>>> print(open('work-v6.cif').read())   # mmCIF, C-alpha atoms
data_structure
loop_
_atom_site.label_atom_id
_atom_site.label_comp_id
_atom_site.auth_asym_id
_atom_site.auth_seq_id
_atom_site.Cartn_x
_atom_site.Cartn_y
_atom_site.Cartn_z
CA MET Y 1 86.30 75.27 87.87
CA HIS Y 2 89.78 76.25 88.99
CA PRO Y 3 89.54 76.81 92.78
CA VAL Y 4 93.28 77.41 93.30
CA ILE Y 5 93.46 79.99 90.51
CA ILE Y 6 90.30 81.67 91.84
CA LEU Y 7 91.90 81.93 95.29
CA GLN Y 8 95.12 83.32 93.79
CA LEU Y 9 93.21 85.90 91.77
CA LEU Y 10 91.08 86.93 94.75
CA THR Y 11 94.27 87.44 96.72
CA LEU Y 12 95.67 89.71 94.01
CA LEU Y 13 92.39 91.61 93.71
CA MET Y 14 92.37 92.22 97.47
CA LEU Y 15 95.96 93.43 97.33
CA ALA Y 16 95.23 95.73 94.41
CA ASN Y 17 92.25 97.26 96.16
CA GLY Y 18 93.69 97.32 99.67
CA THR Y 19 97.12 98.73 98.88
CA PRO Y 20 95.92 102.31 98.23
CA LEU Y 21 94.21 102.35 101.66
CA ILE Y 22 97.35 101.19 103.44
CA VAL Y 23 99.59 103.59 101.52
CA LYS Y 24 97.23 106.45 102.37
CA LYS Y 25 97.46 105.59 106.06
CA LEU Y 26 101.26 105.37 105.88
CA LEU Y 27 101.84 108.54 103.84
CA GLY Y 28 98.90 110.68 104.90
CA SER Y 29 98.38 113.50 102.43
CA ARG Y 30 101.91 113.28 101.02
CA TYR Y 31 102.07 112.45 97.32
CA SER Y 32 98.29 112.61 97.01
CA TYR Y 33 98.31 114.15 93.56
CA PRO Y 34 94.97 113.58 91.82
CA LEU Y 35 95.42 111.34 88.80
CA ASP Y 36 93.15 113.61 86.76
CA GLY Y 37 95.18 116.70 87.71
CA ASN Y 38 91.96 118.34 88.96
CA VAL Y 39 90.79 118.63 85.35
CA THR Y 40 87.06 118.70 84.72
CA PHE Y 41 85.23 116.75 82.04
CA ALA Y 42 82.91 118.30 79.44
CA ASP Y 43 80.05 118.12 81.97
CA GLY Y 44 81.96 120.38 84.38
CA ARG Y 45 82.55 117.60 86.91
CA PRO Y 46 85.95 116.13 87.83
CA VAL Y 47 87.15 113.33 85.56
CA PHE Y 48 87.82 110.94 88.50
CA GLY Y 49 87.84 113.05 91.65
CA ARG Y 50 90.41 113.91 94.26
CA SER Y 51 90.53 110.44 95.86
CA LYS Y 52 92.05 108.78 92.77
CA THR Y 53 95.73 109.54 93.19
CA ILE Y 54 99.06 108.52 91.79
CA ARG Y 55 99.94 107.57 95.39
CA GLY Y 56 97.24 104.86 95.25
CA ILE Y 57 97.39 103.61 91.66
CA VAL Y 58 101.15 103.06 91.28
CA PRO Y 59 101.69 101.11 94.54
CA ALA Y 60 98.63 98.93 93.82
CA VAL Y 61 100.11 97.82 90.50
CA LEU Y 62 103.60 97.37 91.99
CA VAL Y 63 102.35 95.32 94.95
CA THR Y 64 100.25 92.96 92.82
CA THR Y 65 103.13 92.55 90.37
CA ALA Y 66 105.54 91.70 93.21
CA ALA Y 67 103.07 89.46 95.09
CA ALA Y 68 102.01 87.27 92.17
CA PRO Y 69 105.18 85.11 92.14
CA LEU Y 70 104.84 84.65 95.92
CA ILE Y 71 101.47 82.95 95.41
CA GLY Y 72 102.43 80.91 92.36
CA LEU Y 73 101.53 83.21 89.47
CA SER Y 74 103.84 85.07 87.11
CA TRP Y 75 104.67 88.71 87.68
CA SER Y 76 102.94 89.49 84.38
CA ILE Y 77 99.65 88.14 85.76
CA GLY Y 78 100.15 90.32 88.83
CA PHE Y 79 100.77 93.31 86.57
CA LEU Y 80 97.62 92.54 84.54
CA VAL Y 81 95.47 92.14 87.65
CA GLY Y 82 96.81 95.30 89.29
CA SER Y 83 96.57 97.41 86.15
CA PHE Y 84 93.09 96.28 85.16
CA ALA Y 85 91.78 96.44 88.74
CA MET Y 86 92.89 100.07 88.89
CA ALA Y 87 91.43 100.70 85.42
CA GLY Y 88 88.13 99.26 86.67
CA ASP Y 89 88.30 101.45 89.76
CA LEU Y 90 88.94 104.52 87.60
CA PHE Y 91 86.05 103.53 85.32
CA SER Y 92 83.78 103.32 88.38
CA SER Y 93 84.91 106.75 89.58
CA PHE Y 94 84.41 108.23 86.11
CA CYS Y 95 80.85 106.83 85.99
CA LYS Y 96 80.05 108.04 89.51
CA ARG Y 97 81.20 111.57 88.65
CA ARG Y 98 78.96 111.51 85.55
CA LEU Y 99 76.07 110.47 87.80
CA GLY Y 100 76.81 113.42 90.06
CA LEU Y 101 77.93 111.30 93.01
CA PRO Y 102 80.61 112.87 95.21
CA THR Y 103 84.14 111.51 95.58
CA SER Y 104 84.32 108.42 97.82
CA SER Y 105 80.55 107.93 97.71
CA ARG Y 106 79.12 104.44 97.63
CA ALA Y 107 77.57 102.89 94.54
CA SER Y 108 76.90 99.20 95.15
CA ASP Y 109 78.17 96.89 92.43
CA LEU Y 110 79.54 99.81 90.40
CA ASP Y 111 82.28 100.04 93.03
CA GLN Y 112 83.17 96.34 92.90
CA VAL Y 113 82.23 94.74 89.58
CA PRO Y 114 84.48 96.66 87.15
CA GLU Y 115 87.54 96.40 89.40
CA SER Y 116 87.12 92.62 89.62
CA LEU Y 117 85.66 91.82 86.20
CA LEU Y 118 88.17 93.72 84.06
CA PRO Y 119 91.27 91.97 85.50
CA LEU Y 120 89.60 88.58 85.23
CA LEU Y 121 88.74 89.19 81.60
CA ALA Y 122 92.31 90.35 80.97
CA CYS Y 123 93.64 87.07 82.43
CA ARG Y 124 90.96 84.84 80.90
CA ASP Y 125 92.98 83.37 78.04
CA VAL Y 126 96.33 83.22 79.85
CA LEU Y 127 94.85 81.31 82.80
CA ALA Y 128 92.17 79.42 80.81
CA LEU Y 129 89.42 80.87 83.01
CA THR Y 130 85.90 79.70 82.33
CA ALA Y 131 82.81 81.88 82.52
CA ALA Y 132 81.98 80.06 85.78
CA ASP Y 133 85.43 80.87 87.21
CA ILE Y 134 84.95 84.54 86.40
CA ALA Y 135 81.39 84.66 87.76
CA VAL Y 136 82.35 82.93 91.02
CA CYS Y 137 85.35 85.18 91.48
CA VAL Y 138 83.34 88.36 90.89
CA VAL Y 139 80.57 87.28 93.30
CA ILE Y 140 83.06 86.34 96.02
CA PHE Y 141 84.91 89.62 95.49
CA VAL Y 142 81.73 91.72 95.69
CA VAL Y 143 80.53 90.01 98.88
CA GLY Y 144 84.03 89.88 100.38
CA GLU Y 145 84.70 93.54 99.66
CA VAL Y 146 81.59 94.59 101.54
CA VAL Y 147 82.58 92.49 104.57
CA LEU Y 148 86.26 93.47 104.44
CA SER Y 149 85.37 97.13 104.05
CA ARG Y 150 83.64 97.07 107.43
CA LEU Y 151 86.66 95.37 109.02
CA LEU Y 152 89.06 97.89 107.47
CA TYR Y 153 86.87 100.67 108.84
CA ALA Y 154 86.94 99.10 112.29
CA PHE Y 155 90.75 99.01 112.14
CA ARG Y 156 90.72 102.63 110.92
CA LEU Y 157 92.28 101.81 107.56
CA ARG Y 158 89.16 103.07 105.80
CA ASP Y 159 87.49 106.43 106.30
CA ARG Y 160 83.99 105.00 105.76
CA PRO Y 161 82.50 101.56 106.49
CA TYR Y 162 81.95 100.79 102.78
#
>>> encode(input="work-v6.cif", output="structure tokens")
Amino acid sequence: MHPVIILQLLTLLMLANGTPLIVKKLLGSRYSYPLDGNVTFADGRPVFGRSKTIRGIVPAVLVTTAAAPLIGLSWSIGFLVGSFAMAGDLFSSFCKRRLGLPTSSRASDLDQVPESLLPLLACRDVLALTAADIAVCVVIFVVGEVVLSRLLYAFRLRDRPY
């Protein structure tokens, strides 16, 4: 196990997933262009939904890229984590729309696992992560995200407590 690397990766995952919330609070509805351009998929539902915006995705990747060297990782690891965390988040939104769930609805595990697992798999070889490292990191992220979500709601950074 690599406890320091796990802590560094959890920090980047939290930054990637928290940055869009903070940017939304700072900018309000400005620059909230839906990433899918309001296009619908073959099933007639939105591809991702209105809550997945350029305003959230781009800053998340930029912040994780910039923060990685500050915590002892290369900027390229930060870029990988930010990019793949956002890809996992988009995958979750795509799946939720296919299931008929509304934008910003809760889907336990589907909301957390892809956005933590995909970046960890992307960094696996570069950081020599073991299967145990990845599993521990995902479990801590899933539990931590549920707890942090309630705190962010209490501080009015999140619109819902999940």
>>> atom_distance(input="work-v6.cif", atom1="CA of Ala66 in chain Y", atom2="CA of Cys137 in chain Y")
21.3 Å
>>> residues_near_point(input="work-v6.cif", point="(80.5, 121.5, 88.4)", cutoff="12 Å", atoms="all atoms listed in the file", output="PyMOL selection string")
chain Y and resi 38-47+49+97-102
>>> resolve_selection(input="work-v6.cif", expression="the PyMOL selection byres ((chain Y and resi 8-22) around 8)", output="compact mmCIF listing (two decimals) with C-alpha atoms, in the coordinates of the input")
# COMPACT_ATOMS: atom_id res chain seq x y z
CA VAL Y 4 93.28 77.41 93.30
CA ILE Y 5 93.46 79.99 90.51
CA ILE Y 6 90.30 81.67 91.84
CA LEU Y 7 91.90 81.93 95.29
CA VAL Y 23 99.59 103.59 101.52
CA LYS Y 24 97.23 106.45 102.37
CA LYS Y 25 97.46 105.59 106.06
CA LEU Y 26 101.26 105.37 105.88
CA ARG Y 55 99.94 107.57 95.39
CA GLY Y 56 97.24 104.86 95.25
CA ILE Y 57 97.39 103.61 91.66
CA PRO Y 59 101.69 101.11 94.54
CA ALA Y 60 98.63 98.93 93.82
CA VAL Y 61 100.11 97.82 90.50
CA VAL Y 63 102.35 95.32 94.95
CA THR Y 64 100.25 92.96 92.82
CA ALA Y 67 103.07 89.46 95.09
CA ALA Y 68 102.01 87.27 92.17
CA ILE Y 71 101.47 82.95 95.41
CA GLY Y 72 102.43 80.91 92.36
CA LEU Y 73 101.53 83.21 89.47
CA GLY Y 78 100.15 90.32 88.83
CA VAL Y 81 95.47 92.14 87.65
CA GLY Y 82 96.81 95.30 89.29
CA ALA Y 85 91.78 96.44 88.74
CA MET Y 86 92.89 100.07 88.89
CA SER Y 116 87.12 92.62 89.62
CA LEU Y 120 89.60 88.58 85.23
CA CYS Y 137 85.35 85.18 91.48
CA PHE Y 141 84.91 89.62 95.49
CA LEU Y 157 92.28 101.81 107.56
CA ARG Y 158 89.16 103.07 105.80
>>> residues_around(input="work-v6.cif", residues="Leu80 in chain Y", least_positions_apart="6", cutoff="8 Å", atoms="only C-alpha atoms", output="list in words")
Pro119, Ala122 and Cys123 of chain Y
>>> write_last_selection(input="work-v6.cif", atoms="C-alpha atoms", output="CSV table (one decimal), keeping the file's coordinate frame")
chain,number,residue,atom,x,y,z
Y,119,PRO,CA,91.3,92.0,85.5
Y,122,ALA,CA,92.3,90.4,81.0
Y,123,CYS,CA,93.6,87.1,82.4
>>> closest_residue(input="work-v6.cif", among="Y:Val113, Y:Phe84, Y:Arg156, Y:Leu129", to="Gly144 in chain Y", atoms="all atoms listed in the file")
Y:Val113
>>> resolve_selection(input="work-v6.cif", expression="the PyMOL selection byres ((chain Y and resi 53) around 8)", output="PyMOL selection string")
chain Y and resi 32-35+50-52+54-57
>>> atom_distance(input="work-v6.cif", atom1="CA of Ser29 in chain Y", atom2="CA of Asp89 in chain Y")
20.2 Å
>>> closest_residue(input="work-v6.cif", among="Y:Arg106, Y:Val146, Y:Val126, Y:Gly88", to="Ser76 in chain Y", atoms="all atoms listed in the file")
Y:Val126
>>> atom_distance(input="work-v6.cif", atom1="CA of Ala87 in chain Y", atom2="CA of Glu115 in chain Y")
7.0 Å
>>> closest_residue(input="work-v6.cif", among="Y:Leu90, Y:Ser149, Y:Ser74, Y:Leu117", to="Ile134 in chain Y", atoms="all atoms listed in the file")
Y:Leu117
>>> decode(input="work-v6.cif", residues="range 4-50 of chain Y", atoms="C-alpha atoms", output="tab-separated table (two decimals), in the first residue's frame")
chain	number	residue	atom	x	y	z
Y	4	VAL	CA	0.99	9.01	0.88
Y	5	ILE	CA	0.05	8.53	-2.77
Y	6	ILE	CA	-3.50	7.58	-1.74
Y	7	LEU	CA	-3.77	10.79	0.28
Y	8	GLN	CA	-2.40	12.85	-2.63
Y	9	LEU	CA	-4.85	11.26	-5.06
Y	10	LEU	CA	-7.79	11.75	-2.70
Y	11	THR	CA	-6.84	15.41	-2.43
Y	12	LEU	CA	-6.85	15.77	-6.21
Y	13	LEU	CA	-10.14	13.89	-6.52
Y	14	MET	CA	-11.74	16.21	-3.96
Y	15	LEU	CA	-10.42	19.23	-5.83
Y	16	ALA	CA	-11.68	17.91	-9.16
Y	17	ASN	CA	-15.13	17.28	-7.77
Y	18	GLY	CA	-15.37	20.33	-5.53
Y	19	THR	CA	-14.10	22.95	-7.97
Y	20	PRO	CA	-17.27	23.03	-10.12
Y	21	LEU	CA	-19.37	23.71	-6.99
Y	22	ILE	CA	-17.15	26.59	-5.91
Y	23	VAL	CA	-16.99	28.06	-9.41
Y	24	LYS	CA	-20.79	27.87	-9.65
Y	25	LYS	CA	-21.12	29.80	-6.39
Y	26	LEU	CA	-18.62	32.41	-7.56
Y	27	LEU	CA	-19.99	32.88	-11.09
Y	28	GLY	CA	-23.66	32.10	-10.58
Y	29	SER	CA	-25.31	31.39	-13.91
Y	30	ARG	CA	-22.58	33.12	-15.94
Y	31	TYR	CA	-20.76	30.85	-18.38
Y	32	SER	CA	-23.07	27.95	-17.56
Y	33	TYR	CA	-23.15	26.60	-21.09
Y	34	PRO	CA	-24.22	22.94	-21.11
Y	35	LEU	CA	-21.39	20.74	-22.31
Y	36	ASP	CA	-23.81	18.77	-24.47
Y	37	GLY	CA	-25.16	21.96	-26.09
Y	38	ASN	CA	-28.68	20.89	-25.08
Y	39	VAL	CA	-28.52	18.11	-27.66
Y	40	THR	CA	-30.63	15.03	-27.07
Y	41	PHE	CA	-29.48	11.45	-27.48
Y	42	ALA	CA	-31.24	8.86	-29.66
Y	43	ASP	CA	-33.60	8.10	-26.75
Y	44	GLY	CA	-34.84	11.70	-26.73
Y	45	ARG	CA	-33.20	12.52	-23.40
Y	46	PRO	CA	-30.34	15.00	-22.89
Y	47	VAL	CA	-26.86	13.56	-23.43
Y	48	PHE	CA	-25.58	14.81	-20.02
Y	49	GLY	CA	-28.09	17.39	-18.79
Y	50	ARG	CA	-27.95	21.07	-18.04
